[in-house]
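Chemist: Sending over structure-v6.cif (mmCIF, C-alpha atoms and all ligand atoms).
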```cif
data_protein
#
loop_
_atom_site.group_PDB
_atom_site.id
_atom_site.type_symbol
_atom_site.label_atom_id
_atom_site.label_comp_id
_atom_site.auth_asym_id
_atom_site.auth_seq_id
_atom_site.Cartn_x
_atom_site.Cartn_y
_atom_site.Cartn_z
ATOM 1 C CA MET R 1 103.840 104.172 66.825
ATOM 2 C CA ALA R 2 102.495 104.434 63.320
ATOM 3 C CA PRO R 3 104.128 102.134 60.778
ATOM 4 C CA ILE R 4 107.150 103.450 58.939
ATOM 5 C CA ARG R 5 108.369 101.915 55.738
ATOM 6 C CA ARG R 6 112.015 101.869 54.864
ATOM 7 C CA ARG R 7 113.687 101.821 51.500
ATOM 8 C CA GLY R 8 113.240 98.482 49.802
ATOM 9 C CA GLU R 9 109.983 97.696 51.605
ATOM 10 C CA ALA R 10 106.640 97.741 49.874
ATOM 11 C CA VAL R 11 105.314 101.231 49.354
ATOM 12 C CA PRO R 12 101.646 101.999 49.953
ATOM 13 C CA ARG R 13 99.755 101.866 46.694
ATOM 14 C CA VAL R 14 98.988 105.435 45.777
ATOM 15 C CA PRO R 15 95.271 105.597 45.056
ATOM 16 C CA VAL R 16 94.377 106.572 41.532
ATOM 17 C CA ARG R 17 90.769 107.368 42.404
ATOM 18 C CA ARG R 18 89.919 110.934 41.574
ATOM 19 C CA GLY R 19 87.624 112.844 43.932
ATOM 20 C CA SER R 20 86.678 112.038 47.515
ATOM 21 C CA SER R 21 83.672 110.341 49.005
ATOM 22 C CA ARG R 22 81.574 113.075 47.385
ATOM 23 C CA SER R 23 79.355 111.732 44.610
ATOM 24 C CA SER R 24 80.790 114.053 41.924
ATOM 25 C CA PRO R 25 84.416 115.121 42.266
ATOM 26 C CA ARG R 26 85.137 118.818 41.971
ATOM 27 C CA PRO R 27 87.148 119.783 38.904
ATOM 28 C CA TYR R 28 90.833 120.514 39.465
ATOM 29 C CA ARG R 29 91.139 124.216 38.836
ATOM 30 C CA GLY R 30 93.800 125.401 36.433
ATOM 31 C CA ALA R 31 96.984 126.352 38.251
ATOM 32 C CA THR R 32 97.245 129.654 36.387
ATOM 33 C CA GLU R 33 94.212 131.123 38.111
ATOM 34 C CA PRO R 34 94.968 133.700 40.819
ATOM 35 C CA PRO R 35 94.864 132.865 44.539
ATOM 36 C CA VAL R 36 91.482 133.188 46.214
ATOM 37 C CA VAL R 37 92.684 133.742 49.800
ATOM 38 C CA LYS R 38 93.923 137.001 51.316
ATOM 39 C CA ASP R 39 97.536 136.312 50.749
ATOM 40 C CA PRO R 40 99.669 138.346 51.010
ATOM 41 C CA SER R 41 98.392 140.484 53.893
ATOM 42 C CA PHE R 42 99.879 142.062 57.032
ATOM 43 C CA ARG R 43 97.568 140.044 59.267
ATOM 44 C CA ARG R 44 98.763 136.764 57.830
ATOM 45 C CA SER R 45 102.460 137.673 57.919
ATOM 46 C CA LEU R 46 102.177 138.900 61.511
ATOM 47 C CA ALA R 47 100.462 135.678 62.603
ATOM 48 C CA LEU R 48 103.199 133.609 60.941
ATOM 49 C CA PHE R 49 105.949 135.750 62.448
ATOM 50 C CA ARG R 50 104.478 135.347 65.943
ATOM 51 C CA ALA R 51 104.264 131.596 65.404
ATOM 52 C CA PHE R 52 107.931 131.466 64.316
ATOM 53 C CA MET R 53 108.871 133.298 67.510
ATOM 54 C CA ARG R 54 107.230 130.451 69.470
ATOM 55 C CA GLU R 55 108.834 127.685 67.385
ATOM 56 C CA GLN R 56 111.221 126.453 70.106
ATOM 57 C CA ASP R 57 108.647 126.505 72.923
ATOM 58 C CA ASP R 58 105.613 125.392 70.998
ATOM 59 C CA PRO R 59 106.565 123.666 67.729
ATOM 60 C CA ASP R 60 103.090 122.114 67.400
ATOM 61 C CA PHE R 61 101.463 125.523 67.324
ATOM 62 C CA CYS R 62 104.056 126.936 64.926
ATOM 63 C CA TYR R 63 104.095 124.092 62.410
ATOM 64 C CA SER R 64 100.344 123.497 62.494
ATOM 65 C CA LEU R 65 99.788 127.137 61.568
ATOM 66 C CA LEU R 66 102.493 126.984 58.900
ATOM 67 C CA ALA R 67 100.894 123.856 57.466
ATOM 68 C CA ARG R 68 97.435 125.454 57.327
ATOM 69 C CA ASP R 69 98.924 128.496 55.655
ATOM 70 C CA ALA R 70 100.915 126.497 53.085
ATOM 71 C CA ILE R 71 97.983 124.306 52.129
ATOM 72 C CA ASP R 72 95.824 127.432 51.791
ATOM 73 C CA GLN R 73 98.446 128.540 49.261
ATOM 74 C CA VAL R 74 98.328 125.208 47.450
ATOM 75 C CA GLU R 75 94.535 125.425 47.234
ATOM 76 C CA ALA R 76 94.675 129.051 46.143
ATOM 77 C CA TYR R 77 96.793 128.123 43.141
ATOM 78 C CA GLY R 78 95.547 124.645 42.412
ATOM 79 C CA GLY R 79 92.047 124.321 43.833
ATOM 80 C CA PRO R 80 90.748 122.100 46.664
ATOM 81 C CA VAL R 81 92.973 119.186 47.564
ATOM 82 C CA ASP R 82 90.031 117.057 48.667
ATOM 83 C CA GLY R 83 90.346 113.707 46.911
ATOM 84 C CA ARG R 84 93.712 114.568 45.355
ATOM 85 C CA VAL R 85 96.888 112.515 45.626
ATOM 86 C CA VAL R 86 99.557 114.545 47.416
ATOM 87 C CA VAL R 87 103.213 113.654 47.865
ATOM 88 C CA ASP R 88 104.970 115.545 50.673
ATOM 89 C CA VAL R 89 108.739 115.291 50.193
ATOM 90 C CA GLY R 90 110.988 116.046 53.166
ATOM 91 C CA GLY R 91 107.957 116.809 55.282
ATOM 92 C CA GLY R 92 109.746 116.407 58.638
ATOM 93 C CA GLY R 93 107.316 115.537 61.434
ATOM 94 C CA GLY R 94 104.328 115.325 59.098
ATOM 95 C CA TYR R 95 102.413 118.512 59.922
ATOM 96 C CA PHE R 96 101.776 119.226 56.250
ATOM 97 C CA THR R 97 100.722 115.670 55.436
ATOM 98 C CA ARG R 98 98.267 115.729 58.353
ATOM 99 C CA GLU R 99 96.790 119.020 57.195
ATOM 100 C CA PHE R 100 96.421 117.714 53.626
ATOM 101 C CA ARG R 101 94.628 114.654 55.015
ATOM 102 C CA ALA R 102 92.404 116.810 57.213
ATOM 103 C CA ARG R 103 91.254 118.470 53.994
ATOM 104 C CA GLY R 104 90.431 115.162 52.363
ATOM 105 C CA ALA R 105 93.620 114.596 50.333
ATOM 106 C CA HIS R 106 95.291 111.197 49.936
ATOM 107 C CA ALA R 107 98.578 112.532 51.271
ATOM 108 C CA PHE R 108 101.818 110.571 51.746
ATOM 109 C CA LEU R 109 104.926 111.643 53.591
ATOM 110 C CA PHE R 110 108.378 110.751 52.225
ATOM 111 C CA GLU R 111 111.124 111.718 54.665
ATOM 112 C CA PRO R 112 114.684 110.333 54.852
ATOM 113 C CA ASP R 113 115.548 111.296 58.427
ATOM 114 C CA LEU R 114 114.088 109.247 61.291
ATOM 115 C CA ALA R 115 115.047 111.954 63.773
ATOM 116 C CA GLU R 116 112.955 114.492 61.832
ATOM 117 C CA LEU R 117 109.980 112.152 61.762
ATOM 118 C CA GLY R 118 109.758 112.090 65.546
ATOM 119 C CA GLU R 119 107.722 109.570 67.493
ATOM 120 C CA LYS R 120 104.367 109.879 65.790
ATOM 121 C CA PRO R 121 104.728 110.252 62.040
ATOM 122 C CA PRO R 122 101.543 109.994 59.988
ATOM 123 C CA GLU R 123 100.443 106.441 59.235
ATOM 124 C CA GLY R 124 102.028 105.013 56.096
ATOM 125 C CA THR R 125 105.022 107.326 56.179
ATOM 126 C CA VAL R 126 107.830 106.167 53.900
ATOM 127 C CA VAL R 127 111.488 106.638 54.812
ATOM 128 C CA ALA R 128 112.842 107.725 51.455
ATOM 129 C CA ASP R 129 115.163 110.211 49.850
ATOM 130 C CA GLY R 130 113.657 112.901 47.646
ATOM 131 C CA TYR R 131 116.266 112.181 44.951
ATOM 132 C CA LEU R 132 114.842 108.707 44.462
ATOM 133 C CA LEU R 133 111.191 108.444 45.398
ATOM 134 C CA PRO R 134 109.738 104.923 45.367
ATOM 135 C CA LEU R 135 106.839 106.052 43.186
ATOM 136 C CA GLN R 136 105.767 105.605 39.594
ATOM 137 C CA ASP R 137 105.838 108.502 37.152
ATOM 138 C CA GLY R 138 102.945 110.950 37.308
ATOM 139 C CA VAL R 139 101.118 109.549 40.362
ATOM 140 C CA ALA R 140 100.696 112.836 42.233
ATOM 141 C CA ASP R 141 98.177 115.610 41.607
ATOM 142 C CA VAL R 142 100.199 117.786 43.970
ATOM 143 C CA THR R 143 103.847 117.407 44.910
ATOM 144 C CA PHE R 144 104.797 119.449 47.920
ATOM 145 C CA SER R 145 108.211 120.301 49.330
ATOM 146 C CA SER R 146 108.542 122.965 51.987
ATOM 147 C CA ASN R 147 111.982 124.237 52.952
ATOM 148 C CA VAL R 148 113.910 121.239 51.689
ATOM 149 C CA LEU R 149 115.672 122.582 48.573
ATOM 150 C CA GLU R 150 118.376 124.389 50.567
ATOM 151 C CA HIS R 151 119.170 121.108 52.323
ATOM 152 C CA VAL R 152 120.032 119.125 49.192
ATOM 153 C CA ALA R 153 123.349 119.338 47.370
ATOM 154 C CA ASP R 154 121.797 119.139 43.900
ATOM 155 C CA PRO R 155 118.522 121.104 43.847
ATOM 156 C CA GLN R 156 117.914 120.633 40.109
ATOM 157 C CA THR R 157 118.105 116.827 40.321
ATOM 158 C CA PHE R 158 115.811 116.979 43.345
ATOM 159 C CA LEU R 159 113.344 119.076 41.285
ATOM 160 C CA SER R 160 113.537 116.565 38.432
ATOM 161 C CA GLU R 161 112.329 113.861 40.801
ATOM 162 C CA LEU R 162 109.463 116.043 42.064
ATOM 163 C CA ALA R 163 108.457 116.674 38.442
ATOM 164 C CA ARG R 164 108.732 112.992 37.539
ATOM 165 C CA VAL R 165 106.207 111.873 40.152
ATOM 166 C CA THR R 166 103.746 114.681 39.327
ATOM 167 C CA ARG R 167 101.096 114.061 36.676
ATOM 168 C CA PRO R 168 101.031 116.333 33.619
ATOM 169 C CA GLY R 169 99.050 119.438 34.612
ATOM 170 C CA GLY R 170 99.642 118.720 38.310
ATOM 171 C CA LEU R 171 100.963 121.293 40.739
ATOM 172 C CA ILE R 172 104.399 121.398 42.368
ATOM 173 C CA TYR R 173 104.861 123.539 45.485
ATOM 174 C CA VAL R 174 108.518 124.190 46.329
ATOM 175 C CA SER R 175 109.807 126.697 48.829
ATOM 176 C CA PHE R 176 113.243 127.355 50.266
ATOM 177 C CA THR R 177 115.122 129.853 52.375
ATOM 178 C CA ASN R 178 117.783 131.351 50.127
ATOM 179 C CA TRP R 179 121.300 131.797 51.447
ATOM 180 C CA LEU R 180 121.380 135.602 51.482
ATOM 181 C CA SER R 181 118.008 135.847 53.244
ATOM 182 C CA PRO R 182 118.299 137.191 56.828
ATOM 183 C CA TRP R 183 117.238 133.635 57.822
ATOM 184 C CA GLY R 184 119.585 131.932 55.328
ATOM 185 C CA GLY R 185 121.952 130.690 58.045
ATOM 186 C CA HIS R 186 119.072 128.934 59.845
ATOM 187 C CA GLU R 187 119.939 128.601 63.569
ATOM 188 C CA TRP R 188 123.091 130.710 63.116
ATOM 189 C CA ALA R 189 121.335 133.496 61.156
ATOM 190 C CA PRO R 190 121.863 136.386 60.630
ATOM 191 C CA TRP R 191 125.528 135.856 61.495
ATOM 192 C CA HIS R 192 126.052 133.845 58.287
ATOM 193 C CA TYR R 193 126.621 137.198 56.594
ATOM 194 C CA PHE R 194 130.004 137.173 58.375
ATOM 195 C CA GLY R 195 130.834 133.662 57.149
ATOM 196 C CA ALA R 196 129.320 130.253 57.808
ATOM 197 C CA GLU R 197 132.180 128.851 59.901
ATOM 198 C CA TRP R 198 132.355 131.896 62.124
ATOM 199 C CA ALA R 199 128.567 131.954 62.552
ATOM 200 C CA ARG R 200 128.515 128.276 63.445
ATOM 201 C CA ALA R 201 131.292 128.659 65.999
ATOM 202 C CA ARG R 202 129.508 131.662 67.471
ATOM 203 C CA TYR R 203 126.323 129.614 67.835
ATOM 204 C CA ARG R 204 128.210 126.942 69.767
ATOM 205 C CA ARG R 205 129.880 129.507 72.001
ATOM 206 C CA ARG R 206 126.617 131.253 72.792
ATOM 207 C CA THR R 207 124.341 128.224 73.307
ATOM 208 C CA GLY R 208 126.767 125.523 74.413
ATOM 209 C CA ARG R 209 125.223 123.271 71.748
ATOM 210 C CA ALA R 210 126.564 122.135 68.393
ATOM 211 C CA ALA R 211 124.675 123.681 65.505
ATOM 212 C CA LYS R 212 122.372 121.358 63.582
ATOM 213 C CA HIS R 213 123.451 122.651 60.186
ATOM 214 C CA THR R 214 126.850 122.674 58.500
ATOM 215 C CA LEU R 215 127.311 124.509 55.224
ATOM 216 C CA GLY R 216 128.141 122.066 52.445
ATOM 217 C CA GLU R 217 126.870 119.060 54.432
ATOM 218 C CA ASN R 218 123.193 119.558 55.222
ATOM 219 C CA LEU R 219 122.742 123.205 54.264
ATOM 220 C CA PHE R 220 123.642 124.699 50.889
ATOM 221 C CA ALA R 221 123.902 128.240 49.586
ATOM 222 C CA VAL R 222 120.960 128.393 47.179
ATOM 223 C CA HIS R 223 120.349 131.682 45.391
ATOM 224 C CA ILE R 224 117.172 133.083 43.914
ATOM 225 C CA GLY R 225 118.526 134.400 40.594
ATOM 226 C CA THR R 226 120.334 131.155 39.755
ATOM 227 C CA THR R 227 117.384 129.005 40.795
ATOM 228 C CA LEU R 228 114.918 131.041 38.720
ATOM 229 C CA ARG R 229 117.134 130.872 35.647
ATOM 230 C CA GLN R 230 117.528 127.117 36.014
ATOM 231 C CA VAL R 231 113.846 126.454 36.649
ATOM 232 C CA ARG R 232 112.710 128.663 33.748
ATOM 233 C CA ALA R 233 115.066 126.808 31.420
ATOM 234 C CA ARG R 234 113.485 123.434 32.254
ATOM 235 C CA ASP R 235 111.051 121.763 29.897
ATOM 236 C CA ASP R 236 109.370 119.483 32.453
ATOM 237 C CA VAL R 237 107.780 122.328 34.455
ATOM 238 C CA LYS R 238 106.285 125.758 33.823
ATOM 239 C CA VAL R 239 106.576 128.505 36.423
ATOM 240 C CA VAL R 240 103.083 129.597 37.514
ATOM 241 C CA SER R 241 104.345 131.889 40.262
ATOM 242 C CA ALA R 242 107.673 132.863 41.811
ATOM 243 C CA ARG R 243 107.086 134.858 44.967
ATOM 244 C CA SER R 244 108.102 135.506 48.507
ATOM 245 C CA ARG R 245 106.356 132.911 50.646
ATOM 246 C CA TYR R 246 105.780 135.089 53.707
ATOM 247 C CA TRP R 247 105.879 138.712 52.625
ATOM 248 C CA PRO R 248 102.803 140.861 53.403
ATOM 249 C CA PHE R 249 103.017 142.860 50.158
ATOM 250 C CA LEU R 250 104.848 142.940 46.804
ATOM 251 C CA ALA R 251 105.302 139.180 47.153
ATOM 252 C CA GLU R 252 105.881 138.673 43.419
ATOM 253 C CA ALA R 253 107.445 142.072 42.704
ATOM 254 C CA VAL R 254 110.330 141.579 45.144
ATOM 255 C CA VAL R 255 111.438 138.467 43.274
ATOM 256 C CA LYS R 256 111.771 140.476 40.053
ATOM 257 C CA ALA R 257 114.464 142.824 41.405
ATOM 258 C CA PRO R 258 117.909 141.308 40.728
ATOM 259 C CA GLY R 259 120.331 141.709 43.625
ATOM 260 C CA ILE R 260 117.740 143.074 46.050
ATOM 261 C CA ARG R 261 115.722 139.864 45.819
ATOM 262 C CA GLU R 262 118.569 137.838 47.302
ATOM 263 C CA PHE R 263 118.244 139.759 50.572
ATOM 264 C CA ALA R 264 114.617 140.833 50.548
ATOM 265 C CA THR R 265 112.658 137.744 49.447
ATOM 266 C CA TRP R 266 113.428 135.791 52.643
ATOM 267 C CA ASN R 267 111.911 132.569 51.352
ATOM 268 C CA LEU R 268 111.184 131.815 47.713
ATOM 269 C CA LEU R 269 107.957 130.015 46.866
ATOM 270 C CA LEU R 270 107.781 128.420 43.432
ATOM 271 C CA ILE R 271 104.437 127.234 42.142
ATOM 272 C CA LEU R 272 105.159 125.024 39.150
ATOM 273 C CA ARG R 273 102.949 123.122 36.783
ATOM 274 C CA ARG R 274 104.083 119.804 35.353
ATOM 275 C CA CYS R 275 104.339 119.889 31.565
ATOM 276 C CA PRO R 276 103.353 116.856 29.473
ATOM 277 C CA PRO R 277 106.408 114.642 28.912
HETATM 278 C C1 LIG R 301 113.979 122.434 57.451
HETATM 279 S S1 LIG R 301 113.315 120.828 57.384
HETATM 280 C C2 LIG R 301 111.730 121.158 56.660
HETATM 281 C C3 LIG R 301 110.673 120.255 57.184
HETATM 282 C C4 LIG R 301 109.275 120.588 56.679
HETATM 283 N N1 LIG R 301 109.165 120.312 55.265
HETATM 284 C C5 LIG R 301 108.921 122.020 56.991
HETATM 285 O O1 LIG R 301 108.761 122.840 56.078
HETATM 286 O O2 LIG R 301 108.800 122.336 58.196
HETATM 287 C C6 LIG R 301 114.209 120.092 56.055
HETATM 288 C C7 LIG R 301 113.757 118.684 55.768
HETATM 289 O O3 LIG R 301 114.347 118.244 54.552
HETATM 290 C C8 LIG R 301 114.633 116.884 54.694
HETATM 291 N N2 LIG R 301 115.598 116.469 53.672
HETATM 292 C C9 LIG R 301 116.923 116.736 53.617
HETATM 293 N N3 LIG R 301 117.477 116.137 52.542
HETATM 294 C C10 LIG R 301 116.472 115.506 51.898
HETATM 295 C C11 LIG R 301 116.386 114.695 50.728
HETATM 296 N N4 LIG R 301 117.469 114.413 49.988
HETATM 297 N N5 LIG R 301 115.181 114.200 50.366
HETATM 298 C C12 LIG R 301 114.078 114.480 51.093
HETATM 299 N N6 LIG R 301 114.104 115.227 52.214
HETATM 300 C C13 LIG R 301 115.277 115.730 52.607
HETATM 301 C C14 LIG R 301 115.166 116.796 56.101
HETATM 302 O O4 LIG R 301 115.216 115.468 56.578
HETATM 303 C C15 LIG R 301 114.163 117.681 56.837
HETATM 304 O O5 LIG R 301 113.031 116.978 57.258
#
```
Would you mind giving the structure from this file in C-alpha cells?

Modeler:
Amino acid sequence: MAPIRRRGEAVPRVPVRRGSSRSSPRPYRGATEPPVVKDPSFRRSLALFRAFMREQDDPDFCYSLLARDAIDQVEAYGGPVDGRVVVDVGGGGGYFTREFRARGAHAFLFEPDLAELGEKPPEGTVVADGYLLPLQDGVADVTFSSNVLEHVADPQTFLSELARVTRPGGLIYVSFTNWLSPWGGHEWAPWHYFGAEWARARYRRRTGRAAKHTLGENLFAVHIGTTLRQVRARDDVKVVSARSRYWPFLAEAVVKAPGIREFATWNLLLILRRCPP
C-alpha cells in the first residue's frame, strides 16, 4: 500500500517549482477568463448522470469520469494544471488527485478518514483535517475541494483554511450539495424533504443497513443564499463564478434566483480567486 502520513508526521515538501518538465512553463491564465470547454451541455450532464447511476456498481467508472470533468472545469477557469501545485482537500479515495497528476500537476491529497481513502490512496497522501492543513501559507496554485463543505460543521472556517494555503491569485474550487437540493439528503434523498430523522429511519427500513450520514454529525444543512452572502463578504477571496456544477444550461443563472436556487441548483460550484493578504 502507498505510504500514508498521519498528523504530526513529516509532510511531503510541496514543490515550489513552477512549470513542468517543459523547457518554458505556460503562463497561468487569469481566473476571470471564461471556460474553454463545452460546459454546460446536455451531452456532458447526461454522461455524468449515467455515471452517477452506476456509482454503487462501478465506483471507479463514476469517480474517474467525475474527476476528469471537475479538472476540465478547473482548467477552464484557471488554465492548464500541468506543473502547478494542487491541494485536494477531503478527496476521498484520491480520484481527483490522480487525475491532476495525470495532467502533470504536483497534486497532494489531504483526507481525514482512513475508510474513505480505501486500500490504494495516491502515494504521499496525508491524513489531515481540512480545518488545519499541515501546509504553509500560499503554497498551492489550486486548492480543490469537491463535495466536502456540506460535511463540515463550520464551512466558513473550512474555507478560511483553503484560502490560507492558496497563493494570492491562485484558484479555489469548492463544490457542495446544498441541503434543499433533491440530492441534499445524500443516501436518504429525496426523503429528507420530509425530515432528516424520518428519511434516515426509512433508509434503514428499506435497505437493512444503517445510513452513512447523520444530520448534525457528518452532514450539515448548507444553503446557497447564506453561503453566497458569506463568501461575497469575505476579503480573502473573490468570487469568479457561482454556478450549478452539473446543470446542462443556465448554470450561472439558476444561482441568481433566490428561493428557486435552493431547490434547482442541485450542487453549487464556487470558483474563487485568492486575494492578496
Ligand atoms: C462526499 S465525500 C467527497 C469525496 C470526494 N471529494 C468526491 O467529491 O468524491 C466527503 C469527503 O469529505 C471528507 N471530510 C469530511 N470532513 C472533513 C474535514 N473536516 N476535512 C477534510 N475532509 C473532510 C470526508 O472524509 C470525505 O472523504

Chemist: Hey, which residues come within 7 Å of ligand LIG 301 (chain R) if we count only C-alpha atoms and all ligand atoms? Could you give them as a PyMOL selection string?

Modeler: chain R and resi 63+89-92+110-113+116+128-131+145-148+151-152

Chemist: Hey, which of R:Asp82, R:Glu161, R:Glu150, R:Glu99 ends up closest to Gln136 in chain R? Count all atoms listed in the file.

Modeler: R:Glu161

Chemist: What is the distance, in Å and to one decimal place, between CA of Thr143 in chain R and CA of Leu270 in chain R?

Modeler: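 Interatomic distance here is 11.8 Å.
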
Chemist: Could you pull the residues within 9 Å of Pro276 in chain R, counting all atoms listed in the file, minus those fewer than 4 positions along the same chain, as JSON, numbers by chain?

Modeler: {"R": [167, 168, 169, 236, 237]}

Chemist: Extract, using all atoms listed in the file, all DNA, RNA and protein residues at most 12 Å from Ala201 in chain R, discarding same-chain residues fewer than 4 positions from it, and format them as a list in words.

Modeler: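 Listing them by chain and then by number gives Glu187, Trp188, Trp191, His192, Phe194, Gly195, Ala196, Glu197, Arg205, Arg206, Thr207, Gly208, Arg209, Ala210, Ala211, Lys212, His213 and Thr214 of chain R.
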
Chemist: Which residues, named as in the file, does the PyMOL selection byres (((chain R and resi 86) around 9) and not hetatm) pick out? Answer as an MDAnalysis selection string.

Modeler: chainID R and resid 81 84:85 87:88 97 100 105:109 139:144

Chemist: Build an axis-aligned box that encloses every atom of range 90-96 of chain R listed in the file, pad it by 4 Å on each side, and report its centre and edge lengths in Å to one decimal, as JSON.

Modeler:
```
{"center_x": 106.4, "center_y": 117.3, "center_z": 57.3, "size_x": 17.2, "size_y": 11.9, "size_z": 16.3}
```
